[in-house]
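The structure file query21.txt is reproduced below (compact mmCIF, C-alpha atoms).
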# COMPACT_ATOMS: atom_id res chain seq x y z
CA MET A 19 23.93 5.62 -14.51
CA THR A 20 21.86 8.14 -12.55
CA THR A 21 23.12 9.79 -9.39
CA SER A 22 20.36 8.20 -7.31
CA TRP A 23 21.35 4.71 -8.42
CA LYS A 24 25.02 5.50 -7.69
CA ARG A 25 24.01 6.43 -4.15
CA ARG A 26 21.96 3.25 -3.81
CA ILE A 27 24.80 1.05 -5.06
CA ALA A 28 27.19 2.79 -2.66
CA ALA A 29 24.74 2.17 0.16
CA GLY A 30 24.46 -1.44 -0.91
CA LEU A 31 28.25 -1.90 -0.90
CA GLY A 32 28.39 -0.29 2.53
CA THR A 33 25.81 -2.75 3.78
CA LEU A 34 27.80 -5.66 2.37
CA LEU A 35 30.84 -4.50 4.36
CA VAL A 36 28.72 -4.15 7.49
CA VAL A 37 27.37 -7.67 7.15
CA ALA A 38 30.81 -9.09 6.48
CA ALA A 39 32.09 -7.43 9.65
CA LEU A 40 29.12 -8.79 11.62
CA GLY A 41 29.82 -12.27 10.34
CA GLY A 42 26.27 -12.66 9.03
CA ALA A 43 24.83 -13.83 5.74
CA THR A 44 25.18 -11.64 2.68
CA PRO A 45 21.97 -9.70 2.03
CA ALA A 46 20.20 -10.18 -1.28
CA ILE A 47 20.53 -7.00 -3.34
CA ALA A 48 18.71 -6.36 -6.61
CA ASP A 49 21.16 -5.28 -9.30
CA PRO A 50 19.73 -2.26 -11.16
CA ASP A 51 22.37 -2.25 -13.87
CA ASN A 52 22.80 -5.89 -14.79
CA GLY A 53 24.01 -5.74 -18.37
CA ASP A 54 24.37 -9.53 -18.54
CA ALA A 55 20.64 -10.22 -18.38
CA PRO A 56 19.34 -12.07 -21.46
CA PRO A 57 16.93 -10.35 -23.84
CA PRO A 58 13.21 -10.50 -23.04
CA LYS A 59 11.19 -13.51 -24.13
CA VAL A 60 7.61 -13.35 -25.39
CA ASP A 61 5.29 -16.28 -26.16
CA LEU A 62 2.25 -15.36 -28.27
CA VAL A 63 -0.67 -17.71 -27.59
CA LEU A 64 -3.65 -17.84 -29.98
CA ASP A 65 -7.02 -19.51 -29.41
CA LEU A 66 -8.18 -21.62 -32.38
CA SER A 67 -11.42 -22.94 -30.91
CA GLY A 68 -14.59 -22.95 -33.03
CA SER A 69 -15.94 -19.61 -31.80
CA MET A 70 -13.08 -17.86 -33.62
CA ASN A 71 -15.09 -18.45 -36.82
CA LYS A 72 -17.72 -15.92 -35.76
CA ASN A 73 -18.05 -13.02 -38.19
CA ASP A 74 -18.26 -10.10 -35.76
CA ALA A 75 -14.73 -8.65 -35.62
CA GLY A 76 -15.14 -5.47 -37.64
CA GLY A 77 -16.67 -7.07 -40.75
CA GLN A 78 -14.54 -10.23 -40.74
CA THR A 79 -14.21 -13.42 -38.76
CA ARG A 80 -12.33 -13.33 -35.48
CA ILE A 81 -9.64 -15.68 -36.81
CA ASP A 82 -9.09 -13.50 -39.90
CA ALA A 83 -8.74 -10.47 -37.65
CA ALA A 84 -6.22 -12.36 -35.54
CA LYS A 85 -4.20 -13.51 -38.59
CA LYS A 86 -4.05 -9.98 -39.98
CA ALA A 87 -2.95 -8.64 -36.63
CA PHE A 88 -0.26 -11.34 -36.29
CA ASN A 89 1.28 -10.43 -39.65
CA GLU A 90 1.48 -6.78 -38.63
CA ILE A 91 2.90 -7.73 -35.26
CA LEU A 92 5.61 -9.91 -36.77
CA ASP A 93 6.65 -7.10 -39.13
CA ALA A 94 6.91 -4.66 -36.22
CA LEU A 95 8.78 -6.91 -33.79
CA PRO A 96 11.75 -5.16 -32.15
CA ASN A 97 15.13 -6.76 -32.77
CA GLU A 98 15.73 -7.25 -29.05
CA ALA A 99 12.79 -9.60 -28.54
CA LEU A 100 12.87 -13.40 -28.57
CA VAL A 101 9.40 -14.53 -29.68
CA GLY A 102 7.57 -17.83 -29.92
CA LEU A 103 4.10 -18.90 -31.05
CA ARG A 104 1.70 -21.39 -29.43
CA VAL A 105 -1.90 -22.25 -30.23
CA LEU A 106 -4.68 -23.93 -28.26
CA GLY A 107 -7.88 -25.72 -29.23
CA GLN A 108 -6.41 -26.52 -32.66
CA GLY A 109 -7.61 -30.15 -32.90
CA ASN A 110 -10.97 -31.57 -33.91
CA PRO A 111 -11.83 -34.11 -31.20
CA GLY A 112 -15.59 -34.00 -31.70
CA ASN A 113 -17.26 -34.72 -28.37
CA ASN A 114 -14.14 -36.22 -26.80
CA GLN A 115 -13.46 -33.66 -24.09
CA GLN A 116 -10.54 -35.59 -22.60
CA ALA A 117 -8.69 -35.41 -25.90
CA GLY A 118 -9.83 -31.88 -26.71
CA CYS A 119 -8.59 -30.51 -23.42
CA GLN A 120 -5.04 -31.62 -24.30
CA GLU A 121 -4.99 -29.64 -27.55
CA THR A 122 -2.16 -27.13 -27.43
CA GLN A 123 0.84 -26.95 -29.76
CA GLN A 124 3.98 -24.89 -30.13
CA LEU A 125 4.17 -23.64 -33.73
CA ALA A 126 7.42 -21.70 -33.31
CA PRO A 127 9.95 -21.97 -30.46
CA VAL A 128 10.86 -18.90 -28.43
CA GLY A 129 13.90 -17.32 -30.07
CA LYS A 130 14.96 -15.02 -32.88
CA PRO A 131 11.81 -15.15 -35.00
CA ASP A 132 11.76 -16.57 -38.52
CA LYS A 133 9.05 -14.16 -39.58
CA GLY A 134 8.35 -15.83 -42.92
CA ALA A 135 7.91 -19.27 -41.38
CA MET A 136 5.74 -17.88 -38.60
CA LYS A 137 3.45 -16.13 -41.07
CA VAL A 138 3.04 -19.36 -43.04
CA ALA A 139 2.27 -21.28 -39.85
CA VAL A 140 -0.37 -18.75 -38.79
CA ALA A 141 -1.97 -18.64 -42.25
CA ALA A 142 -2.44 -22.41 -42.22
CA GLN A 143 -4.47 -22.41 -38.99
CA ARG A 144 -8.21 -23.09 -39.12
CA PRO A 145 -10.54 -22.93 -36.10
CA THR A 146 -12.07 -26.27 -35.21
CA THR A 147 -14.79 -27.55 -32.93
CA GLY A 148 -12.14 -27.99 -30.23
CA TYR A 149 -12.21 -27.10 -26.56
CA THR A 150 -10.39 -24.20 -24.85
CA PRO A 151 -7.70 -25.52 -22.45
CA ILE A 152 -6.34 -22.17 -21.25
CA GLY A 153 -4.97 -23.46 -17.92
CA LEU A 154 -2.94 -26.26 -19.55
CA THR A 155 -1.73 -23.90 -22.28
CA LEU A 156 -0.42 -21.36 -19.77
CA ARG A 157 1.68 -24.08 -18.12
CA LYS A 158 3.08 -25.15 -21.50
CA ALA A 159 3.80 -21.55 -22.50
CA ALA A 160 5.73 -21.05 -19.26
CA GLU A 161 7.81 -24.10 -20.20
CA ASP A 162 8.39 -22.56 -23.66
CA LEU A 163 9.94 -19.50 -22.01
CA GLY A 164 12.34 -21.52 -19.83
CA LYS A 165 13.69 -20.62 -16.42
CA ASP A 166 16.91 -18.77 -17.15
CA LYS A 167 17.36 -15.25 -15.82
CA GLY A 168 15.46 -12.55 -17.68
CA SER A 169 12.06 -11.07 -18.44
CA ARG A 170 9.28 -13.41 -19.67
CA ARG A 171 5.88 -12.52 -21.03
CA ILE A 172 2.94 -14.59 -22.24
CA ILE A 173 0.41 -12.76 -24.41
CA LEU A 174 -2.82 -14.76 -24.54
CA ILE A 175 -5.38 -13.95 -27.24
CA THR A 176 -8.76 -15.65 -26.87
CA ASP A 177 -12.43 -14.97 -27.45
CA GLY A 178 -13.77 -17.22 -24.69
CA GLU A 179 -13.21 -18.64 -21.24
CA ASP A 180 -11.55 -21.94 -20.36
CA SER A 181 -13.81 -24.94 -21.06
CA CYS A 182 -11.52 -27.59 -19.58
CA ALA A 183 -10.94 -26.70 -15.91
CA PRO A 184 -9.34 -28.18 -13.93
CA PRO A 185 -6.78 -26.80 -13.96
CA ASP A 186 -8.40 -23.43 -13.36
CA PRO A 187 -6.42 -20.89 -15.44
CA CYS A 188 -6.51 -18.21 -12.75
CA GLN A 189 -5.08 -20.67 -10.22
CA VAL A 190 -2.41 -21.70 -12.74
CA ALA A 191 -1.43 -18.04 -13.11
CA ARG A 192 -1.07 -17.73 -9.33
CA GLU A 193 1.06 -20.88 -9.20
CA LEU A 194 3.37 -19.55 -11.94
CA ALA A 195 3.71 -16.22 -10.16
CA ALA A 196 4.52 -18.00 -6.89
CA GLN A 197 7.43 -19.81 -8.55
CA GLY A 198 9.32 -16.51 -8.85
CA LEU A 199 9.98 -16.91 -12.58
CA ASN A 200 9.66 -13.19 -13.34
CA LEU A 201 6.73 -14.15 -15.56
CA VAL A 202 3.96 -11.76 -16.60
CA ILE A 203 0.80 -12.85 -18.42
CA ASP A 204 -1.04 -10.26 -20.50
CA THR A 205 -4.48 -11.20 -21.79
CA LEU A 206 -6.44 -9.90 -24.77
CA GLY A 207 -10.13 -10.60 -25.12
CA LEU A 208 -11.30 -10.59 -28.75
CA VAL A 209 -14.95 -9.42 -28.70
CA PRO A 210 -15.24 -10.76 -25.12
CA ASP A 211 -18.33 -11.40 -23.04
CA ASP A 212 -18.53 -10.68 -19.30
CA VAL A 213 -17.46 -14.19 -18.21
CA THR A 214 -14.41 -14.11 -20.48
CA ARG A 215 -13.52 -10.61 -19.34
CA ASP A 216 -13.62 -11.63 -15.66
CA GLN A 217 -11.45 -14.71 -16.21
CA LEU A 218 -8.86 -12.92 -18.34
CA SER A 219 -8.67 -10.07 -15.81
CA CYS A 220 -8.02 -12.59 -13.05
CA ILE A 221 -5.24 -14.33 -15.03
CA ALA A 222 -3.50 -11.04 -15.80
CA GLY A 223 -3.88 -9.66 -12.29
CA ALA A 224 -2.35 -12.76 -10.69
CA THR A 225 1.00 -12.07 -12.40
CA GLY A 226 0.98 -8.27 -12.55
CA GLY A 227 -0.06 -8.27 -16.20
CA THR A 228 -2.76 -6.33 -17.99
CA TYR A 229 -6.11 -7.22 -19.54
CA THR A 230 -7.40 -5.40 -22.60
CA SER A 231 -10.10 -6.08 -25.16
CA ALA A 232 -10.21 -5.67 -28.94
CA ASN A 233 -13.11 -5.71 -31.37
CA ASN A 234 -11.29 -5.81 -34.72
CA ALA A 235 -7.92 -6.49 -36.35
CA ALA A 236 -6.65 -2.92 -36.03
CA GLU A 237 -7.30 -2.80 -32.28
CA LEU A 238 -5.81 -6.26 -31.78
CA SER A 239 -2.64 -5.39 -33.69
CA GLN A 240 -2.20 -2.16 -31.76
CA ARG A 241 -2.71 -3.81 -28.37
CA VAL A 242 -0.28 -6.69 -28.99
CA GLN A 243 2.41 -4.40 -30.40
CA GLN A 244 2.13 -2.25 -27.28
CA LEU A 245 2.54 -5.33 -25.07
CA VAL A 246 5.59 -6.60 -26.97
CA GLN A 247 7.19 -3.16 -26.83
CA ARG A 248 6.43 -3.00 -23.10
CA ALA A 249 8.19 -6.32 -22.58
CA VAL A 250 11.35 -4.94 -24.22
CA VAL A 251 11.24 -1.61 -22.38
CA THR A 252 10.52 -3.28 -19.04
CA ALA A 253 13.50 -5.61 -19.42
CA ALA A 254 15.81 -2.74 -20.33
CA GLU A 255 14.76 -0.10 -17.81
CA VAL A 256 13.14 -1.67 -14.75
CA THR A 257 14.95 -3.38 -11.91
CA THR A 258 14.12 -7.06 -11.71
CA PRO A 259 12.91 -7.88 -8.17
CA THR A 260 14.92 -10.44 -6.22
CA PRO A 261 12.82 -13.35 -4.88
CA VAL A 262 12.94 -13.56 -1.09
CA HIS A 263 11.07 -15.56 1.54
CA GLY A 264 10.20 -13.66 4.69
CA SER A 265 10.05 -15.53 7.97
CA PRO A 266 6.59 -16.08 9.51
CA ASN A 267 8.27 -16.97 12.82
CA GLY A 268 9.81 -13.66 13.83
CA CYS A 269 12.92 -11.58 13.22
CA ALA A 270 15.46 -14.16 14.39
CA ASP A 271 14.88 -16.38 11.34
CA ALA A 272 14.30 -13.54 8.87
CA PRO A 273 16.41 -13.10 5.70
CA LEU A 274 18.97 -10.29 5.69
CA LEU A 275 18.30 -7.62 3.06
CA GLY A 276 20.28 -4.72 1.63
CA PRO A 277 18.91 -1.87 -0.52
CA GLY A 278 16.91 -3.29 -3.41
CA VAL A 279 13.58 -4.48 -4.74
CA TYR A 280 12.23 -7.87 -3.64
CA ASN A 281 9.18 -10.01 -4.25
CA ASP A 282 7.50 -12.47 -1.91
CA ARG A 283 4.11 -14.10 -1.25
CA GLU A 284 2.01 -13.51 1.86
CA GLU A 285 -1.13 -15.35 2.95
CA PHE A 286 -4.21 -13.79 4.53
CA GLU A 287 -3.59 -12.33 8.00
CA GLN A 288 0.06 -13.39 7.97
CA HIS A 289 3.16 -11.60 9.34
CA LEU A 290 6.43 -11.82 7.39
CA TRP A 291 9.75 -10.67 8.84
CA TYR A 292 12.94 -9.32 7.22
CA LYS A 293 16.20 -7.90 8.65
CA VAL A 294 18.10 -4.81 7.46
CA PRO A 295 21.54 -3.82 8.88
CA GLN A 296 21.51 -0.05 9.53
CA LEU A 297 24.34 2.31 10.50
CA PRO A 298 23.90 5.29 12.85
CA GLY A 299 23.07 8.34 10.77
CA GLN A 300 21.26 6.29 8.11
CA GLU A 301 17.57 6.56 7.31
CA LEU A 302 15.77 3.35 6.41
CA ARG A 303 13.02 3.75 3.84
CA ALA A 304 10.84 0.74 3.19
CA SER A 305 7.51 0.05 1.54
CA ALA A 306 5.40 -3.05 0.94
CA THR A 307 2.86 -3.34 -1.86
CA VAL A 308 0.41 -6.25 -1.93
CA GLY A 309 -1.25 -7.16 -5.22
CA LEU A 310 -4.91 -8.10 -4.78
CA ASP A 311 -4.84 -10.94 -7.31
CA ARG A 312 -8.13 -12.46 -6.11
CA ALA A 313 -11.41 -11.36 -4.58
CA VAL A 314 -11.14 -10.28 -0.93
CA ALA A 315 -13.70 -9.18 1.64
CA ARG A 316 -14.29 -5.47 2.03
CA ASP A 317 -12.24 -3.56 4.60
CA TYR A 318 -8.63 -4.70 4.70
CA ASP A 319 -5.22 -3.22 5.38
CA VAL A 320 -1.48 -3.62 4.96
CA THR A 321 0.92 -2.63 7.76
CA ILE A 322 4.69 -2.29 7.72
CA THR A 323 6.53 -1.96 11.04
CA ALA A 324 10.16 -1.30 11.93
CA VAL A 325 11.13 -3.15 15.11
CA THR A 326 14.33 -3.55 17.12
CA ASP A 327 15.77 -7.05 17.37
CA ASP A 328 14.48 -7.20 20.96
CA GLY A 329 10.90 -6.43 19.90
CA ARG A 330 10.54 -2.67 20.46
CA ASP A 331 8.48 -0.79 17.84
CA LEU A 332 10.36 2.00 16.05
CA ALA A 333 7.97 3.11 13.30
CA ARG A 334 4.72 1.84 11.90
CA TYR A 335 2.36 2.70 9.05
CA THR A 336 -0.96 1.15 8.06
CA ASP A 337 -2.88 1.79 4.86
CA ALA A 338 -6.46 0.56 4.71
CA GLY A 339 -8.74 -0.09 1.77
CA SER A 340 -12.35 -0.97 1.11
CA GLY A 341 -13.89 -2.51 -1.98
CA ARG A 342 -12.10 -3.62 -5.13
CA MET A 343 -8.53 -2.35 -5.53
CA ASP A 344 -5.60 -3.70 -7.53
CA LEU A 345 -2.88 -2.81 -5.01
CA GLN A 346 -2.56 -1.84 -1.37
CA SER A 347 0.67 -0.23 -0.11
CA ALA A 348 2.23 0.97 3.11
CA GLY A 349 5.61 2.61 3.71
CA LEU A 350 7.75 3.99 6.52
CA ARG A 351 10.93 5.93 7.30
CA TYR A 352 13.14 5.43 10.34
CA SER A 353 16.44 7.17 11.13
CA LEU A 354 19.01 5.64 13.43
CA PRO A 355 20.41 8.56 15.48
CA LYS A 356 24.06 9.42 15.08
CA HIS A 357 26.03 10.38 18.20
CA GLY A 358 28.94 12.77 17.77
CA ASP A 359 30.85 13.60 14.61
CA ASP A 360 32.67 10.29 14.21
CA THR A 361 32.02 8.30 11.05
CA PRO A 362 30.08 5.15 12.00
CA ASP A 363 31.99 1.90 11.79
CA ALA A 364 30.69 -1.57 10.95
CA LYS A 365 30.72 -2.43 14.64
CA ASP A 366 28.12 0.32 15.19
CA ALA A 367 25.57 -1.31 12.87
CA LYS A 368 22.20 -2.27 14.29
CA ILE A 369 19.73 -4.78 12.92
CA THR A 370 16.35 -3.21 12.16
CA CYS A 371 13.58 -5.75 11.72
CA LEU A 372 10.80 -5.14 9.20
CA MET A 373 7.42 -6.81 9.69
CA VAL A 374 4.87 -6.80 6.85
CA SER A 375 1.36 -7.67 8.06
CA THR A 376 -1.87 -8.12 6.11
CA ALA A 377 -5.46 -8.07 7.28
CA PHE A 378 -7.34 -9.70 4.42
CA ASN A 379 -10.29 -12.06 4.66
CA ALA A 380 -11.91 -14.30 2.10
CA PRO A 381 -15.26 -13.04 0.76
CA ALA A 382 -18.49 -14.97 1.17
CA GLY A 383 -18.09 -18.23 -0.71
CA GLY A 384 -14.34 -18.24 -0.17
CA VAL A 385 -11.33 -18.09 -2.50
CA ALA A 386 -8.03 -19.96 -2.66
CA LYS A 387 -5.70 -18.72 0.08
CA THR A 388 -2.58 -20.36 -1.29
CA PRO A 389 -0.28 -19.38 -2.79
CA GLY A 390 -0.26 -16.09 -0.92
CA MET A 391 -0.82 -12.77 -2.58
CA PRO A 392 2.19 -11.16 -4.33
CA VAL A 393 4.21 -8.68 -2.26
CA GLU A 394 6.79 -6.23 -3.59
CA LEU A 395 9.16 -4.93 -0.92
CA LEU A 396 11.37 -1.87 -1.50
CA VAL A 397 14.30 -1.21 0.83
CA ASP A 398 16.62 1.79 0.71
CA LEU A 399 19.21 3.31 3.06
CA VAL A 400 20.12 6.99 2.73
CA ALA A 401 21.80 9.61 4.91
CA ALA A 402 19.41 10.91 7.58
CA SER A 403 18.33 14.48 6.84
CA ASP A 404 19.32 17.42 9.06
CA ALA A 405 15.68 18.49 9.21
CA GLN A 406 14.69 15.23 10.79
CA ALA A 407 17.55 15.50 13.29
CA SER A 408 16.43 18.98 14.33
CA ASP A 409 12.89 17.71 14.80
CA THR A 410 14.20 14.90 16.99
CA HIS A 411 16.43 17.06 19.21
CA GLY A 412 14.43 20.30 19.19
CA LEU A 413 12.13 19.54 22.13
CA GLY A 414 13.18 22.76 23.88
CA ARG A 415 12.01 24.88 20.98
CA GLY A 416 8.81 22.80 20.90
CA TRP A 417 8.03 23.55 24.58
CA ILE A 418 8.72 27.25 24.05
CA PHE A 419 6.33 27.33 21.11
CA LEU A 420 3.72 25.49 23.18
CA GLY A 421 4.12 28.08 25.96
CA VAL A 422 3.64 30.93 23.49
CA LEU A 423 0.47 29.31 22.17
CA ALA A 424 -0.86 28.88 25.72
CA GLY A 425 -0.15 32.53 26.54
CA VAL A 426 -1.86 33.79 23.39
CA GLY A 427 -4.86 31.57 24.17
CA LEU A 428 -5.09 32.93 27.71
CA LEU A 429 -4.96 36.58 26.58
CA SER A 430 -7.55 35.92 23.88
CA GLY A 431 -9.89 34.33 26.42
CA LEU A 432 -9.55 37.28 28.82
CA LEU A 433 -10.18 39.79 26.03
CA PHE A 434 -13.24 37.89 24.79
CA GLY A 435 -14.67 37.69 28.34
CA TRP A 436 -14.16 41.46 28.88
CA ILE A 437 -15.97 42.26 25.60
CA VAL A 438 -18.91 40.01 26.54
CA ARG A 439 -19.26 41.64 29.97
CA PHE A 440 -18.99 45.13 28.47
CA PHE A 441 -21.87 44.59 26.02
CA ALA A 442 -23.95 42.82 28.67
CA GLY A 443 -23.56 45.90 30.91
CA MET A 444 -24.55 48.19 28.05
CA ARG A 445 -27.79 46.25 27.50
CA ARG A 446 -28.67 46.43 31.19
CA ALA A 447 -28.08 50.21 31.19
CA VAL A 448 -30.44 50.63 28.26
What do you get writing this file as structure tokens?
Amino acid sequence: MTTSWKRRIAAGLGTLLVVAALGGATPAIADPDNGDAPPPKVDLVLDLSGSMNKNDAGGQTRIDAAKKAFNEILDALPNEALVGLRVLGQGNPGNNQQAGCQETQQLAPVGKPDKGAMKVAVAAQRPTTGYTPIGLTLRKAAEDLGKDKGSRRIILITDGEDSCAPPDPCQVARELAAQGLNLVIDTLGLVPDDVTRDQLSCIAGATGGTYTSANNAAELSQRVQQLVQRAVVTAAEVTTPTPVHGSPNGCADAPLLGPGVYNDREEFEQHLWYKVPQLPGQELRASATVGLDRAVARDYDVTITAVTDDGRDLARYTDAGSGRMDLQSAGLRYSLPKHGDDTPDAKDAKITCLMVSTAFNAPAGGVAKTPGMPVELLVDLVAASDAQASDTHGLGRGWIFLGVLAGVGLLSGLLFGWIVRFFAGMRRAV
């Protein structure tokens, strides 16, 4: 365990004691070293609609490229991963769109993979004249992964956009993200066109996933292996955010937080409030990052403000953006002054309120405003630095320095005026 995480855990335990002494609720704290978390789960989803028969994937059909890539992926699967396989568009409903838009099937459940059986199942698949129900399939894949604690990843491989909406697949991705299931959807476009690229980018962005494209079997295999490896590394090394629901009604109803990483959802032009117990001599460090998972109008900003429980502003920072961005962040630092040399007690704790505000507007034509955009909130409490304390209490030195600057400016002005008059007199003499 690193020294920084030891300090954070110590700060978290200190906060727990403070809250217990105050008689308040226990703050939610993300556990950075949870060894009991289950292994990561990955559901591979393959499109079997008729367009996969096109022969433009590096000298072979798209489905042959996908099958070759799947075999290589299965051979390279890390032992830690629990993997399942689902297909979509596998039926042959003819012109019956109602039936075709229900075509999705789980070929292998999410678990320790039986690689031989999965290879046989993939080899038997043949693209049909079916439809492409991506939205429905994402919901089913989320069910495949379950809801127990741990990292979940859907890797969607398709060569075309959804042909069955509703449900709109991008909206489905937002709904899944809003459920706080720690679910990420990565999308891979196989020889994609612009419409497919836009839709797959939207799906991935809504859950914090990635979109990539591939034009042949080698590229496809490489991309999927990278995504599976990322799922394993992410589960092992990255703190899982704790879901939290900020109060839109002010600090009084806000959830109490300790040091940790949290995720929430915030609608356009909304204010969300959170409370952090802070001891004298501690510095609060907080940041809020909003994921722009849908189109927004140009010129927007995110603001994070530290406020006393009686409404007085302590610190504020706004970060503005313009045009298309993936993320917008704002952060602040605020130290609670320490008086004297006594070690602060729980009774000395103060509640610092954090307000996260967004100024986003829908573009012309409008977009869905619910669920809100994803927010990641980081909260940390550390010892206030001596440098900051000297800045706070060094007003005397500041006034002295200001006086010196004023004196130097006055002397410089007098000298410059004397030089100007001297040369003006010389010219008149000539």
Residues within 10 Å of Ala270 (chain A), only C-alpha atoms, excluding chain neighbours under 6 positions, as a ChimeraX atom specification:
/A:291-293,327-328,371
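Interatomic distance, CA of Pro273 (chain A) against CA of Glu193 (chain A): 22.8 Å.
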So what do you get for CA of Thr205 (chain A) versus CA of Ala94 (chain A), distance-wise?
19.5 Å
Shell around Gly309 (chain A) at 8 Å using all atoms listed in the file, local window under 3 positions removed, as number ranges by chain
A: 223-224, 226, 344-346, 391-393
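Proximity ranking of A:Asp398, A:Glu285, A:Glu161, A:Asp166 relative to Gly349 (chain A) places A:Asp398 first, based on all atoms listed in the file.
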